[in-house]
Structure formats: structure tokens, C-alpha cells
>>> print(open('protein_12.txt').read())   # compact mmCIF, C-alpha atoms
# COMPACT_ATOMS: atom_id res chain seq x y z
CA MET T 1 0.00 0.00 0.00
CA SER T 2 1.37 3.41 -0.91
CA THR T 3 2.18 6.10 1.62
CA ARG T 4 -0.52 8.30 0.08
CA SER T 5 -3.25 5.73 0.67
CA ARG T 6 -2.31 5.50 4.36
CA THR T 7 -2.43 9.25 4.89
CA PRO T 8 -5.47 10.35 6.93
CA ALA T 9 -7.64 13.08 5.50
CA SER T 10 -6.84 15.40 8.42
CA ASP T 11 -3.12 15.28 7.50
CA ARG T 12 -3.89 16.34 3.93
CA LEU T 13 -5.89 19.38 5.12
CA THR T 14 -3.61 20.73 7.81
CA GLY T 15 -4.36 23.67 10.07
CA ASP T 16 -7.71 25.33 9.47
CA PRO T 17 -8.38 24.73 5.76
CA SER T 18 -10.72 26.81 3.67
CA LEU T 19 -13.53 25.40 1.56
CA LEU T 20 -11.38 25.99 -1.52
CA GLN T 21 -8.53 23.92 -0.07
CA ALA T 22 -11.01 21.19 0.85
CA ALA T 23 -12.53 21.28 -2.65
CA LEU T 24 -9.11 20.85 -4.28
CA VAL T 25 -8.49 17.73 -2.19
CA PHE T 26 -12.04 16.50 -2.88
CA LEU T 27 -11.49 16.75 -6.63
CA ARG T 28 -8.27 14.75 -6.54
CA HIS T 29 -10.42 11.64 -6.34
CA ALA T 30 -12.08 9.89 -9.25
CA ALA T 31 -15.57 9.43 -7.79
CA PRO T 32 -16.23 13.12 -7.02
CA ARG T 33 -14.85 14.16 -10.41
CA THR T 34 -17.12 11.63 -12.09
CA TRP T 35 -20.25 12.72 -10.24
CA LEU T 36 -19.41 16.39 -10.87
CA ALA T 37 -19.04 15.72 -14.60
CA PHE T 38 -22.34 13.82 -14.65
CA ALA T 39 -24.07 16.60 -12.68
CA VAL T 40 -22.87 19.29 -15.07
CA LEU T 41 -23.80 17.16 -18.08
CA THR T 42 -27.29 16.21 -16.87
CA VAL T 43 -28.15 19.73 -15.68
CA GLY T 44 -26.94 21.06 -19.03
CA VAL T 45 -29.07 18.55 -20.91
CA ARG T 46 -32.11 19.46 -18.83
CA LEU T 47 -31.62 23.17 -19.48
CA ALA T 48 -31.22 22.49 -23.19
CA ILE T 49 -34.43 20.45 -23.35
CA GLY T 50 -36.50 23.22 -21.77
CA GLY T 51 -40.25 22.83 -21.48
CA TRP T 52 -40.38 23.47 -17.75
CA THR T 53 -43.70 22.96 -15.95
CA MET T 54 -44.94 22.89 -12.39
CA TRP T 55 -44.52 19.12 -12.55
CA ASP T 56 -40.76 19.65 -12.60
CA VAL T 57 -41.01 21.73 -9.43
CA ALA T 58 -43.23 19.11 -7.78
CA LEU T 59 -40.84 16.32 -8.79
CA ILE T 60 -37.80 18.12 -7.39
CA ALA T 61 -39.69 18.88 -4.16
CA ALA T 62 -40.74 15.24 -3.80
CA MET T 63 -37.22 13.97 -4.44
CA ALA T 64 -35.76 16.45 -1.94
CA LEU T 65 -38.30 15.29 0.66
CA LEU T 66 -37.48 11.63 0.01
CA GLN T 67 -33.70 12.13 0.08
CA PRO T 68 -33.30 11.69 3.87
CA PHE T 69 -35.30 8.47 3.76
CA VAL T 70 -33.32 7.12 0.81
CA GLU T 71 -30.07 7.87 2.65
CA TRP T 72 -31.43 6.19 5.77
CA ALA T 73 -32.52 3.05 3.93
CA ILE T 74 -29.25 2.71 2.00
CA HIS T 75 -27.22 3.22 5.15
CA VAL T 76 -29.19 0.78 7.29
CA PHE T 77 -29.99 -2.00 4.82
CA ILE T 78 -27.08 -1.89 2.36
CA LEU T 79 -24.05 -0.23 3.95
CA HIS T 80 -24.61 -1.87 7.35
CA PHE T 81 -25.58 -5.20 5.83
CA LYS T 82 -23.94 -8.07 7.73
CA PRO T 83 -22.64 -11.15 5.88
CA LYS T 84 -25.18 -13.95 5.73
CA LYS T 85 -25.17 -17.55 4.55
CA LEU T 86 -27.66 -18.61 1.91
CA LEU T 87 -27.73 -22.20 0.68
CA GLY T 88 -24.25 -22.72 2.05
CA ARG T 89 -22.82 -19.63 0.35
CA LYS T 90 -21.67 -16.47 2.09
CA ILE T 91 -23.45 -13.32 0.93
CA ASP T 92 -21.52 -10.11 1.60
CA LEU T 93 -22.32 -6.97 -0.36
CA TYR T 94 -19.38 -5.15 -1.95
CA ALA T 95 -20.63 -1.77 -0.73
CA ALA T 96 -21.05 -3.14 2.80
CA ARG T 97 -17.48 -4.48 2.85
CA LEU T 98 -16.10 -1.12 1.82
CA HIS T 99 -18.30 0.66 4.35
CA ARG T 100 -16.98 -1.54 7.15
CA ALA T 101 -13.47 -0.61 6.04
CA HIS T 102 -14.59 3.04 6.16
CA HIS T 103 -15.74 2.63 9.77
CA ARG T 104 -12.44 0.98 10.69
CA ALA T 105 -10.42 3.80 9.10
CA PRO T 106 -12.76 6.81 8.99
CA TRP T 107 -10.04 9.30 7.98
CA LYS T 108 -8.86 7.35 4.93
CA LEU T 109 -10.07 9.36 1.96
CA GLU T 110 -10.16 6.44 -0.45
CA LEU T 111 -12.91 4.81 1.63
CA ILE T 112 -15.12 7.87 2.06
CA PHE T 113 -16.71 8.01 -1.37
CA VAL T 114 -19.51 5.97 -2.93
CA PRO T 115 -17.81 3.04 -4.71
CA MET T 116 -17.77 3.69 -8.44
CA ARG T 117 -19.28 0.34 -9.39
CA THR T 118 -22.07 0.78 -6.82
CA GLY T 119 -22.77 4.34 -7.90
CA LEU T 120 -22.85 3.52 -11.60
CA LEU T 121 -25.10 0.50 -11.02
CA GLY T 122 -27.45 2.61 -8.90
CA LEU T 123 -27.58 5.31 -11.57
CA ALA T 124 -28.32 2.77 -14.28
CA LEU T 125 -31.17 1.27 -12.24
CA GLY T 126 -32.45 4.74 -11.41
CA LEU T 127 -32.40 5.75 -15.07
CA GLY T 128 -34.46 2.72 -15.98
CA ALA T 129 -36.91 3.41 -13.16
CA TRP T 130 -37.36 7.06 -14.15
CA PHE T 131 -38.06 6.13 -17.78
CA TYR T 132 -40.61 3.58 -16.58
CA VAL T 133 -42.56 5.74 -14.10
CA LEU T 134 -42.33 9.27 -15.52
CA PRO T 135 -44.52 10.29 -18.46
CA SER T 136 -42.18 12.57 -20.41
CA VAL T 137 -38.54 12.98 -21.40
CA PRO T 138 -38.25 16.43 -19.74
CA LEU T 139 -39.37 14.98 -16.40
CA VAL T 140 -36.95 12.07 -16.76
CA ALA T 141 -34.18 14.59 -17.45
CA THR T 142 -35.21 16.57 -14.35
CA ALA T 143 -35.11 13.46 -12.19
CA ILE T 144 -31.70 12.39 -13.48
CA ALA T 145 -30.21 15.87 -13.06
CA TRP T 146 -31.53 16.17 -9.51
CA THR T 147 -30.22 12.70 -8.69
CA MET T 148 -26.72 13.69 -9.81
CA VAL T 149 -26.80 16.99 -7.92
CA SER T 150 -27.98 15.17 -4.79
CA LEU T 151 -25.26 12.52 -5.10
CA LEU T 152 -22.59 15.20 -5.50
CA ALA T 153 -23.93 17.08 -2.44
CA TYR T 154 -23.89 13.85 -0.44
CA GLU T 155 -20.28 13.12 -1.39
CA TRP T 156 -19.19 16.69 -0.57
CA ILE T 157 -20.83 16.82 2.87
CA HIS T 158 -19.68 13.32 3.76
CA PHE T 159 -16.14 14.21 2.70
CA LEU T 160 -16.10 17.39 4.79
CA THR T 161 -17.27 15.60 7.93
CA HIS T 162 -14.25 13.30 7.67
CA THR T 163 -11.67 16.07 7.34
CA ASN T 164 -10.49 18.70 9.81
CA TYR T 165 -12.43 21.42 8.03
CA ARG T 166 -14.19 23.27 10.84
CA PRO T 167 -17.93 23.95 10.65
CA ARG T 168 -18.67 27.61 9.90
CA THR T 169 -22.47 27.43 9.89
CA ARG T 170 -25.03 26.10 12.32
CA PHE T 171 -26.50 23.81 9.66
CA TYR T 172 -23.20 22.14 8.79
CA ARG T 173 -22.08 22.07 12.45
CA ARG T 174 -25.08 19.89 13.24
CA LEU T 175 -24.42 17.50 10.32
CA TRP T 176 -20.73 17.34 11.30
CA ARG T 177 -21.50 16.53 14.95
CA LEU T 178 -24.15 13.89 14.29
CA HIS T 179 -22.12 12.05 11.66
CA ARG T 180 -19.13 11.88 13.97
CA LEU T 181 -21.37 10.57 16.73
CA HIS T 182 -22.50 7.85 14.30
CA HIS T 183 -18.86 6.85 13.77
CA PHE T 184 -17.53 7.21 17.30
CA LYS T 185 -20.44 6.78 19.74
CA ASN T 186 -23.10 4.47 18.31
CA GLU T 187 -23.44 3.30 14.71
CA ARG T 188 -27.14 2.46 15.16
CA TYR T 189 -28.12 6.14 15.32
CA TRP T 190 -27.77 9.24 13.13
CA GLN T 191 -27.87 7.43 9.79
CA GLY T 192 -28.37 10.54 7.67
CA VAL T 193 -25.57 12.56 6.10
CA THR T 194 -27.16 15.48 4.28
CA GLY T 195 -30.18 15.62 6.61
CA HIS T 196 -31.84 13.81 9.50
CA LEU T 197 -35.55 13.82 8.76
CA GLY T 198 -35.29 10.09 8.13
CA ASP T 199 -33.71 9.57 11.54
CA ARG T 200 -36.44 11.59 13.25
CA VAL T 201 -39.28 9.73 11.57
CA LEU T 202 -37.75 6.25 11.73
CA GLY T 203 -36.49 6.34 15.32
CA THR T 204 -32.73 6.70 14.98
CA MET T 205 -32.42 10.31 16.13
CA ALA T 206 -31.60 10.45 19.82
CA ASP T 207 -30.15 12.77 22.41
CA PRO T 208 -26.46 11.78 22.44
CA ALA T 209 -26.41 12.03 26.22
CA THR T 210 -28.91 9.16 26.43
CA VAL T 211 -27.14 6.85 23.94
CA GLU T 212 -24.66 4.30 25.22
CA LEU T 213 -21.19 3.99 23.75
CA SER T 214 -21.16 1.13 21.26
CA ARG T 215 -18.24 -1.28 21.16
CA THR T 216 -18.95 -2.03 17.50
CA CYS T 217 -18.70 1.47 16.01
CA ARG T 218 -15.52 0.56 14.18
CA THR T 219 -16.41 -3.02 13.18
CA LEU T 220 -20.19 -2.75 12.69
CA GLY T 221 -20.36 -6.06 14.52
CA VAL T 222 -18.38 -7.95 11.88
CA ASP T 223 -14.95 -9.32 12.73
CA GLY T 224 -12.16 -9.31 10.17
>>> encode(input="protein_12.txt", output="C-alpha cells")
Amino acid sequence: MSTRSRTPASDRLTGDPSLLQAALVFLRHAAPRTWLAFAVLTVGVRLAIGGWTMWDVALIAAMALLQPFVEWAIHVFILHFKPKKLLGRKIDLYAARLHRAHHRAPWKLELIFVPMRTGLLGLALGLGAWFYVLPSVPLVATAIAWTMVSLLAYEWIHFLTHTNYRPRTRFYRRLWRLHRLHHFKNERYWQGVTGHLGDRVLGTMADPATVELSRTCRTLGVDG
């Protein structure tokens, strides 16, 4: 393993880094660059198509409302999936394996981002779903563009919470604190990254003072 891959994120953003310094480190990595390119491309395509209606506004509002619940479900059921045996074979999701590695080494930048193969598969499935359920090409383009913007925002916020960039706003300070509690106090709570409506509704938002320290924060209950 190279020296670079062992370097914690906090060592690559020394002192009190600015957002610009953080962004330059963020864009050194393939996944964020890919999602940024897709976001620019899909937003550009949507703007070129035109034909905006109130249905586009309603679709974006619905997707924004669902985002915390999507994050919650992915985190709980996919990223925290524990290996199981089925018909004598071990089932262990690729994304879950990488996420366990992320919990074991939370400052390693290479493990922070959505795995490329997982992200691309999810986007392909999402594209098919949007074409199936939405009635027009403009609405499909809106859904795809919003999906890419949301994914990029998720990656950016998640990245920042794992660096030594200091929160400047009340909104980000809360996200920063709750995500670190998820990693270092109890992995069964605070499943959201860009928001915590899903945690509030689904019972995983708690007063940190009332939550016990988990011994499996770093392993997610899976040895090795």
C-alpha cells in the first residue's frame, strides 16, 4: 500500500483549511470528479431540453423530501448489511465491505466516497426506473439531473465531515457533529448525512447524552 493511501484526510488538510482547499483535495479523487461531470452534463441537458412545468417543481420537491429516507434506507440495509449464509454460500455486499473498512479507518479518503461500481449500477437502475414511471422525457431529465446533484452534495458533505475542516455554519455544524457521533459513539443512530428527517421519523435520532457507547462502532459487529 502506498504512503498516500495511508495518509489520513486530516493530514492532507492541515491547520484550518478553507472550503477551496477542501474542494481541491475532494477533486483529486475519481468518484467526485465523475459525479461532478455527470451533474454538469445532466443539468446542461435538462436546461437544453427546456419545457419546464410545475410538474418539474413538484418532482424536485418530492425527491428532496425523500432524500433523507433514501439515505437512511441505504445506510441501514445496504451499507450496514452483515454477511449472511444462503444455501451454504456467504453473501456479503461489496458496498457493505467497503463501508466496514470506512468505519475501521474513517479518515482514509479512499474509503469515504460511494464506490464507483455501486454508484454507476445505482444510476443505471435509477435511469431505468425514471423512464418507466415518468410520463415525459423532460421529467426524466429533471429526475436524473436532480439525482446527480444530490449525489454530488452527499459526497461533498460526507467528505467534509471526515476532514479537519471546521464547521462555519449552524447547519453544517449539526451535520458534522451527528455524523461523527455515528462513527464514534453508536453506529445504530444518526444514519443521515445530508439531513436527519429520516432519523427523526424512523427512530434513529436520539439525544447523544442518552445513547450508550457502542463497542462495535468501528467493526459494525463484523470481525475481520
>>> closest_residue(input="protein_12.txt", among="T:Ala105, T:Leu20, T:Ile144, T:Ala95", to="T:Val45", atoms="only C-alpha atoms")
T:Ile144
>>> residues_near_point(input="protein_12.txt", point="(-37.6, 10.8, -17.9)", cutoff="12 Å", atoms="only C-alpha atoms", output="ChimeraX atom specification")
/T:42,45-46,49,56,59,126-147
>>> closest_residue(input="protein_12.txt", among="T:Arg170, T:Arg104, T:His183, T:Arg117", to="T:Ser214", atoms="only C-alpha atoms")
T:His183
>>> closest_residue(input="protein_12.txt", among="T:Asn164, T:Met205, T:Val211, T:Asn186", to="T:Gln21", atoms="only C-alpha atoms")
T:Asn164
>>> atom_distance(input="protein_12.txt", atom1="atom CA of T:Lys90", atom2="atom CA of T:Leu220")
17.4 Å
>>> atom_distance(input="protein_12.txt", atom1="atom CA of T:Asp223", atom2="atom CA of T:His182")
18.8 Å
>>> residues_around(input="protein_12.txt", residues="T:Arg168", least_positions_apart="4", cutoff="12 Å", atoms="all atoms listed in the file", output="MDAnalysis selection string")
chainID T and resid 16:19 160 172:176
>>> atom_distance(input="protein_12.txt", atom1="atom CA of T:Val222", atom2="atom CA of T:Arg100")
8.1 Å
>>> residues_near_point(input="protein_12.txt", point="(-23.3, 13.0, -10.5)", cutoff="9 Å", atoms="all atoms listed in the file", output="compact mmCIF listing (two decimals) with C-alpha atoms, in the coordinates of the input")
# COMPACT_ATOMS: atom_id res chain seq x y z
CA ALA T 31 -15.57 9.43 -7.79
CA PRO T 32 -16.23 13.12 -7.02
CA ARG T 33 -14.85 14.16 -10.41
CA THR T 34 -17.12 11.63 -12.09
CA TRP T 35 -20.25 12.72 -10.24
CA LEU T 36 -19.41 16.39 -10.87
CA ALA T 37 -19.04 15.72 -14.60
CA PHE T 38 -22.34 13.82 -14.65
CA ALA T 39 -24.07 16.60 -12.68
CA VAL T 40 -22.87 19.29 -15.07
CA LEU T 41 -23.80 17.16 -18.08
CA THR T 42 -27.29 16.21 -16.87
CA LEU T 123 -27.58 5.31 -11.57
CA ILE T 144 -31.70 12.39 -13.48
CA ALA T 145 -30.21 15.87 -13.06
CA TRP T 146 -31.53 16.17 -9.51
CA THR T 147 -30.22 12.70 -8.69
CA MET T 148 -26.72 13.69 -9.81
CA VAL T 149 -26.80 16.99 -7.92
CA SER T 150 -27.98 15.17 -4.79
CA LEU T 151 -25.26 12.52 -5.10
CA LEU T 152 -22.59 15.20 -5.50
>>> closest_residue(input="protein_12.txt", among="T:Arg177, T:Tyr94, T:Pro208, T:Ala153", to="T:Met116", atoms="only C-alpha atoms")
T:Tyr94
>>> closest_residue(input="protein_12.txt", among="T:Leu109, T:Phe171, T:Val70, T:Lys185", to="T:His158", atoms="all atoms listed in the file")
T:Leu109
>>> closest_residue(input="protein_12.txt", among="T:Arg180, T:Arg188, T:Arg215, T:Lys82", to="T:Thr163", atoms="all atoms listed in the file")
T:Arg180
>>> decode(input="protein_12.txt", residues="stretch 58-120 of chain T", atoms="C-alpha atoms", output="PDB file, in the first residue's frame")
ATOM      1  CA  ALA T  58     -43.226  19.113  -7.785  1.00  0.00           C
ATOM      2  CA  LEU T  59     -40.841  16.317  -8.794  1.00  0.00           C
ATOM      3  CA  ILE T  60     -37.797  18.117  -7.386  1.00  0.00           C
ATOM      4  CA  ALA T  61     -39.685  18.884  -4.157  1.00  0.00           C
ATOM      5  CA  ALA T  62     -40.736  15.236  -3.805  1.00  0.00           C
ATOM      6  CA  MET T  63     -37.217  13.971  -4.439  1.00  0.00           C
ATOM      7  CA  ALA T  64     -35.763  16.452  -1.938  1.00  0.00           C
ATOM      8  CA  LEU T  65     -38.297  15.286   0.659  1.00  0.00           C
ATOM      9  CA  LEU T  66     -37.476  11.631   0.014  1.00  0.00           C
ATOM     10  CA  GLN T  67     -33.697  12.127   0.080  1.00  0.00           C
ATOM     11  CA  PRO T  68     -33.297  11.693   3.874  1.00  0.00           C
ATOM     12  CA  PHE T  69     -35.297   8.469   3.757  1.00  0.00           C
ATOM     13  CA  VAL T  70     -33.315   7.123   0.806  1.00  0.00           C
ATOM     14  CA  GLU T  71     -30.068   7.868   2.650  1.00  0.00           C
ATOM     15  CA  TRP T  72     -31.432   6.186   5.769  1.00  0.00           C
ATOM     16  CA  ALA T  73     -32.518   3.049   3.925  1.00  0.00           C
ATOM     17  CA  ILE T  74     -29.249   2.713   2.004  1.00  0.00           C
ATOM     18  CA  HIS T  75     -27.216   3.221   5.153  1.00  0.00           C
ATOM     19  CA  VAL T  76     -29.191   0.785   7.291  1.00  0.00           C
ATOM     20  CA  PHE T  77     -29.991  -2.002   4.820  1.00  0.00           C
ATOM     21  CA  ILE T  78     -27.084  -1.886   2.362  1.00  0.00           C
ATOM     22  CA  LEU T  79     -24.049  -0.228   3.954  1.00  0.00           C
ATOM     23  CA  HIS T  80     -24.613  -1.869   7.353  1.00  0.00           C
ATOM     24  CA  PHE T  81     -25.577  -5.203   5.830  1.00  0.00           C
ATOM     25  CA  LYS T  82     -23.938  -8.068   7.727  1.00  0.00           C
ATOM     26  CA  PRO T  83     -22.643 -11.153   5.878  1.00  0.00           C
ATOM     27  CA  LYS T  84     -25.179 -13.953   5.731  1.00  0.00           C
ATOM     28  CA  LYS T  85     -25.170 -17.555   4.547  1.00  0.00           C
ATOM     29  CA  LEU T  86     -27.658 -18.613   1.912  1.00  0.00           C
ATOM     30  CA  LEU T  87     -27.726 -22.202   0.677  1.00  0.00           C
ATOM     31  CA  GLY T  88     -24.246 -22.718   2.052  1.00  0.00           C
ATOM     32  CA  ARG T  89     -22.820 -19.633   0.350  1.00  0.00           C
ATOM     33  CA  LYS T  90     -21.670 -16.471   2.088  1.00  0.00           C
ATOM     34  CA  ILE T  91     -23.449 -13.319   0.932  1.00  0.00           C
ATOM     35  CA  ASP T  92     -21.522 -10.113   1.599  1.00  0.00           C
ATOM     36  CA  LEU T  93     -22.318  -6.967  -0.362  1.00  0.00           C
ATOM     37  CA  TYR T  94     -19.384  -5.151  -1.948  1.00  0.00           C
ATOM     38  CA  ALA T  95     -20.632  -1.766  -0.729  1.00  0.00           C
ATOM     39  CA  ALA T  96     -21.048  -3.138   2.803  1.00  0.00           C
ATOM     40  CA  ARG T  97     -17.482  -4.483   2.846  1.00  0.00           C
ATOM     41  CA  LEU T  98     -16.103  -1.119   1.818  1.00  0.00           C
ATOM     42  CA  HIS T  99     -18.300   0.656   4.350  1.00  0.00           C
ATOM     43  CA  ARG T 100     -16.981  -1.537   7.150  1.00  0.00           C
ATOM     44  CA  ALA T 101     -13.474  -0.611   6.044  1.00  0.00           C
ATOM     45  CA  HIS T 102     -14.585   3.041   6.158  1.00  0.00           C
ATOM     46  CA  HIS T 103     -15.739   2.634   9.769  1.00  0.00           C
ATOM     47  CA  ARG T 104     -12.442   0.983  10.686  1.00  0.00           C
ATOM     48  CA  ALA T 105     -10.420   3.804   9.099  1.00  0.00           C
ATOM     49  CA  PRO T 106     -12.761   6.813   8.991  1.00  0.00           C
ATOM     50  CA  TRP T 107     -10.037   9.303   7.977  1.00  0.00           C
ATOM     51  CA  LYS T 108      -8.858   7.347   4.933  1.00  0.00           C
ATOM     52  CA  LEU T 109     -10.067   9.361   1.957  1.00  0.00           C
ATOM     53  CA  GLU T 110     -10.159   6.441  -0.449  1.00  0.00           C
ATOM     54  CA  LEU T 111     -12.905   4.810   1.633  1.00  0.00           C
ATOM     55  CA  ILE T 112     -15.123   7.868   2.063  1.00  0.00           C
ATOM     56  CA  PHE T 113     -16.711   8.007  -1.374  1.00  0.00           C
ATOM     57  CA  VAL T 114     -19.514   5.974  -2.926  1.00  0.00           C
ATOM     58  CA  PRO T 115     -17.811   3.044  -4.714  1.00  0.00           C
ATOM     59  CA  MET T 116     -17.773   3.693  -8.441  1.00  0.00           C
ATOM     60  CA  ARG T 117     -19.283   0.335  -9.387  1.00  0.00           C
ATOM     61  CA  THR T 118     -22.065   0.781  -6.820  1.00  0.00           C
ATOM     62  CA  GLY T 119     -22.771   4.343  -7.896  1.00  0.00           C
ATOM     63  CA  LEU T 120     -22.854   3.518 -11.596  1.00  0.00           C
TER      64      LEU T 120
END
